[in-house]
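For reference, the structure is listed below as structure tokens.
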Amino acid sequence: MNSIKVGFLSSQNSLDKNSFSGILYYMRKALIARKIKVIDLGEPRKPSRLRDFYYRVLKSGNPPQVGSNRYIAESTKFASKIKQQLSQIPCDVIFAPVAKREISFIETNIPIVSLSDTTFSLFEKNYQINLDKEEREWESKQESIAISKASKLVYSSEWAANSAISD
């Protein structure tokens with residue numbers, strides 16, 4: 001029997017235990033432990049001290065402003081890379097944990113399972129974030145697009161799931 005092929009979609013490094021507090025690393029590891037064939041989408045790389053230094057020190061500059069030309073260009077470039085990867089190694093399903101940005105920019109007919117622990121609305125209500133009106137609109141729009149593209153939505157709490165429904 002052939003194993004299901006799951007494309008693991010993240011712009012973060014799912015091979016690094018330190019990336020996103022190790023959550024992506026352990027999710028990926030759990031899929032593999034269940035004999036699921038994981039196809040790494042994006043650019044995950046085995047961690048190294050030199051790369052860690054580069055990203056923490058040299059590349060710690062400003063992330064692109066949400067909705068800016070740079071943000072759109074980087075997201076579009078990443079989505080093109082994913083499209084190319086999917087054409088070379090087809091997947092049965094895409095698993096996209098905490099990846100609303102990634103989901104909102106990719107175009108595919110492959111079913112997407114989106115996993116998140118919060119919604120933008122809850123994030124904005126519960127944390128002090130410094131976004132202007134345009135950035136807030138972009139974040140909200142991206143989340144709506146990502147939700148509409150997902151075949152299945154998984155939230156880590158009823159609180160977040162209810163927010164996805166009502167907000």
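Letters A, B, ... mark the chains of the structure tokens in the order given; residue numbers begin at 1 per chain; ligand numbers begin at 1, in order shown.
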| request: Using backbone DSSP assignments, extract all helix (DSSP H, G or I) residues from region 7-118 of chain A; output them as a ChimeraX atom specification. | output: /A:19-33,49-58,69-88,100-105
Need to verify the contact set: Lys77 (chain A), 12 Å, only C-alpha atoms, exclusion of same-chain residues closer than 3 positions in sequence. Can you return it as number ranges by chain?
A: 11, 42-43, 70-74, 80-84, 102, 105-106
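The space between CA of Val66 (chain A) and CA of Val93 (chain A) spans 27.8 Å.
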Each region 70-112 of chain A residue no farther than 9 Å from region 152-160 of chain A, nearest pair in Å, only C-alpha atoms, as JSON lines:
{"residue": "A:Pro97", "atom": "CA", "partner": "A:Val154", "partner_atom": "CA", "distance": 8.9}
{"residue": "A:Pro111", "atom": "CA", "partner": "A:Lys152", "partner_atom": "CA", "distance": 8.1}
{"residue": "A:Ile112", "atom": "CA", "partner": "A:Lys152", "partner_atom": "CA", "distance": 6.6}
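Residues with any atom within 8 Å of region 30-41 of chain A, counting only C-alpha atoms and excluding same-chain neighbours fewer than 3 positions away, are Ser3, Ile4, Lys5, Val6, Gly7, Phe8, Leu9, Ser10, Tyr26, Met27, Pro44, Ile82, Gln85, Ile89 and Cys91 of chain A.
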